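Enquirer: Dropping a structure here in structure tokens format, bear with me for questions.
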Amino acid sequence: DCEGAEYEALYSLPTEYFPRIRMIGMEYHHFSSDPSHNADTLQKHLEKNGFTVKRHKKSMMLAFRPTL
């Protein structure tokens, strides 16, 4: 629970760490004026790094790696 730091945490994570993560469940926030701090941009970032993303309810997101 990073209370608004989810964007900085995920955008600054080195790409070599993403394959080590199987699932991310998070609440995202909307109080920043930074244009990259929104659900659409965060979803694209996670998808670019190999995740399937599902949004649940308001401000909730689940990102997971598809199993083979």
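By convention here, the chains of the structure tokens are called A, B, ... in the order presented, each chain's residues are numbered starting at 1, and ligands are numbered starting at 1 in the order presented.
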Quick one: everything within 12 Å of Thr15 (chain A), counting only C-alpha atoms, minus sequence neighbours fewer than 6 positions away in the same chain. Send it as a CSV table (one decimal) with all heavy atoms, in the first residue's frame.
Expert:
```csv
chain,number,residue,atom,x,y,z
A,21,ILE,N,7.9,-10.5,-11.3
A,21,ILE,CA,6.6,-10.2,-10.7
A,21,ILE,C,5.5,-11.0,-11.4
A,21,ILE,O,5.4,-10.8,-12.6
A,21,ILE,CB,6.3,-8.7,-10.7
A,21,ILE,CG1,7.4,-7.9,-10.0
A,21,ILE,CG2,5.0,-8.4,-10.1
A,21,ILE,CD1,7.3,-6.4,-10.2
A,45,HIS,N,1.8,0.9,-19.6
A,45,HIS,CA,3.1,0.7,-19.1
A,45,HIS,C,3.2,-0.8,-18.6
A,45,HIS,O,4.2,-1.5,-18.9
A,45,HIS,CB,3.4,1.6,-17.9
A,45,HIS,CG,4.8,1.4,-17.3
A,45,HIS,ND1,6.0,1.7,-18.0
A,45,HIS,CD2,5.1,0.9,-16.1
A,45,HIS,CE1,7.0,1.4,-17.2
A,45,HIS,NE2,6.5,0.9,-16.1
A,46,LEU,N,2.2,-1.3,-17.9
A,46,LEU,CA,2.2,-2.6,-17.4
A,46,LEU,C,2.1,-3.6,-18.6
A,46,LEU,O,2.8,-4.6,-18.6
A,46,LEU,CB,1.1,-2.8,-16.4
A,46,LEU,CG,1.3,-2.1,-15.1
A,46,LEU,CD1,0.1,-2.1,-14.2
A,46,LEU,CD2,2.5,-2.7,-14.3
A,48,LYS,N,3.1,-3.1,-21.6
A,48,LYS,CA,4.3,-3.1,-22.3
A,48,LYS,C,5.4,-4.0,-21.6
A,48,LYS,O,6.3,-4.5,-22.3
A,48,LYS,CB,4.8,-1.7,-22.4
A,48,LYS,CG,6.2,-1.5,-23.1
A,48,LYS,CD,6.6,0.0,-23.1
A,48,LYS,CE,7.3,0.2,-21.8
A,48,LYS,NZ,7.9,1.5,-21.7
A,49,ASN,N,5.2,-4.2,-20.3
A,49,ASN,CA,6.1,-5.0,-19.6
A,49,ASN,C,5.6,-6.4,-19.3
A,49,ASN,O,6.1,-7.1,-18.4
A,49,ASN,CB,6.5,-4.3,-18.3
A,49,ASN,CG,7.5,-3.2,-18.5
A,49,ASN,OD1,8.6,-3.4,-18.7
A,49,ASN,ND2,7.0,-1.9,-18.5
A,50,GLY,N,4.7,-6.9,-20.2
A,50,GLY,CA,4.3,-8.3,-20.2
A,50,GLY,C,3.1,-8.7,-19.4
A,50,GLY,O,2.8,-9.9,-19.2
```
Enquirer: Pick out the residues sitting within 12 Å of Ala9 (chain A), and hand them over as a PyMOL selection string; count only C-alpha atoms, and ignore anything fewer than 3 positions along from it in its own chain.
Expert: chain A and resi 1-6+12-14+17-18+26+28+37+42
Enquirer: Go ahead and save the residues from that selection, with C-alpha atoms, as a JSON list (two decimals), in the first residue's frame.
Expert:
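File produced: out05.json:
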```json
[["chain", "number", "residue", "atom", "x", "y", "z"],
["A", 1, "ASP", "CA", 0.00, 0.00, 0.00],
["A", 2, "CYS", "CA", 1.95, 3.00, -1.24],
["A", 3, "GLU", "CA", -0.82, 5.64, -1.00],
["A", 4, "GLY", "CA", -0.29, 7.59, -4.21],
["A", 5, "ALA", "CA", 3.28, 6.54, -4.99],
["A", 6, "GLU", "CA", 2.17, 3.69, -7.29],
["A", 12, "SER", "CA", 10.93, 3.84, -12.01],
["A", 13, "LEU", "CA", 11.22, 0.05, -11.61],
["A", 14, "PRO", "CA", 14.00, -1.25, -13.89],
["A", 17, "TYR", "CA", 12.60, -6.65, -12.46],
["A", 18, "PHE", "CA", 9.19, -6.98, -14.15],
["A", 26, "MET", "CA", -3.44, -2.16, -6.57],
["A", 28, "TYR", "CA", -4.48, 3.79, -8.04],
["A", 37, "HIS", "CA", -0.42, 9.62, -13.47],
["A", 42, "LEU", "CA", -0.28, 2.99, -16.11]]
```
Enquirer: For Asn38 (chain A), please output as a ChimeraX atom specification all residues within 12 Å (counting only C-alpha atoms; exclusion window: fewer than 4 positions along the same chain).
Expert: /A:4,6-8,11,27-34,42-45,59-61
Enquirer: Can those selected residues be exported to a file as a compact mmCIF listing (two decimals), in the first residue's frame so that it contains N, CA and C atoms?
Expert:
```txt
# COMPACT_ATOMS: atom_id res chain seq x y z
N GLY A 4 -0.54 6.55 -3.23
CA GLY A 4 -0.29 7.59 -4.21
C GLY A 4 1.07 7.50 -4.88
N GLU A 6 2.18 4.84 -6.36
CA GLU A 6 2.17 3.69 -7.29
C GLU A 6 2.77 4.05 -8.64
N TYR A 7 2.57 5.26 -9.10
CA TYR A 7 3.11 5.65 -10.39
C TYR A 7 4.63 5.73 -10.35
N GLU A 8 5.17 6.43 -9.36
CA GLU A 8 6.62 6.53 -9.23
C GLU A 8 7.26 5.16 -9.04
N TYR A 11 6.80 3.18 -12.55
CA TYR A 11 7.50 3.81 -13.68
C TYR A 11 9.02 3.79 -13.49
N GLU A 27 -4.65 -0.29 -5.81
CA GLU A 27 -5.54 0.84 -5.90
C GLU A 27 -4.70 1.97 -6.49
N TYR A 28 -5.21 2.66 -7.49
CA TYR A 28 -4.48 3.79 -8.04
C TYR A 28 -5.23 5.07 -7.71
N HIS A 29 -4.50 6.17 -7.67
CA HIS A 29 -5.06 7.45 -7.25
C HIS A 29 -5.10 8.44 -8.41
N HIS A 30 -5.94 9.45 -8.26
CA HIS A 30 -6.17 10.43 -9.34
C HIS A 30 -5.86 11.87 -8.92
N PHE A 31 -5.04 12.09 -7.91
CA PHE A 31 -4.89 13.45 -7.40
C PHE A 31 -3.66 14.19 -7.92
N SER A 32 -2.96 13.68 -8.89
CA SER A 32 -1.77 14.33 -9.43
C SER A 32 -2.11 15.08 -10.71
N SER A 33 -1.41 16.17 -10.94
CA SER A 33 -1.57 16.89 -12.20
C SER A 33 -0.62 16.38 -13.28
N ASP A 34 0.25 15.43 -12.93
CA ASP A 34 1.17 14.83 -13.90
C ASP A 34 0.34 14.02 -14.92
N LEU A 42 -0.82 4.05 -16.97
CA LEU A 42 -0.28 2.99 -16.11
C LEU A 42 -0.58 1.62 -16.71
N GLN A 43 -1.77 1.42 -17.22
CA GLN A 43 -2.13 0.15 -17.84
C GLN A 43 -1.23 -0.13 -19.05
N LYS A 44 -1.00 0.86 -19.89
CA LYS A 44 -0.13 0.67 -21.07
C LYS A 44 1.29 0.32 -20.64
N HIS A 45 1.76 0.94 -19.58
CA HIS A 45 3.11 0.66 -19.08
C HIS A 45 3.22 -0.80 -18.61
N SER A 59 -10.96 2.67 -9.38
CA SER A 59 -9.58 2.85 -8.90
C SER A 59 -8.87 1.57 -8.48
N MET A 60 -9.30 0.43 -8.97
CA MET A 60 -8.63 -0.83 -8.65
C MET A 60 -8.15 -1.48 -9.94
N MET A 61 -6.96 -2.06 -9.89
CA MET A 61 -6.36 -2.68 -11.06
C MET A 61 -5.66 -3.96 -10.65
```
Enquirer: Could you state the separation of CA of Arg22 (chain A) and CA of Leu10 (chain A) in Å, given to one decimal place?
Expert: 14.0 Å
Enquirer: Could you pull out all residues of chain A with a DSSP call of strand (DSSP E or B) and give them as JSON, numbers by chain?
Expert: {"A": [23, 24, 25, 26, 27, 52, 53, 54, 55, 56, 60, 61, 62, 63, 64]}
Enquirer: Once DSSP has gone over the backbone, tell me which residues of chain A are in helix (DSSP H, G or I), as a list of chain:residue names.
Expert: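 DSSP-assigned helix (DSSP H, G or I) residues in chain A: A:Glu6, A:Tyr7, A:Glu8, A:Ala9, A:Leu10, A:Tyr11, A:Ser12, A:Thr15, A:Glu16, A:Tyr17, A:Phe18, A:Pro19, A:Arg20, A:Ala39, A:Asp40, A:Thr41, A:Leu42, A:Gln43, A:Lys44, A:His45, A:Leu46, A:Glu47, A:Lys48.
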Enquirer: What is the distance between CA of Phe64 (chain A) and CA of Pro35 (chain A), in Å to one decimal?
Expert: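 Result for CA of Phe64 (chain A) versus CA of Pro35 (chain A): 24.3 Å, one decimal.
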Enquirer: What is the CA of Met23 (chain A) to CA of Phe51 (chain A) distance in Å?
Expert: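 Result for CA of Met23 (chain A) versus CA of Phe51 (chain A): 8.3 Å, one decimal.
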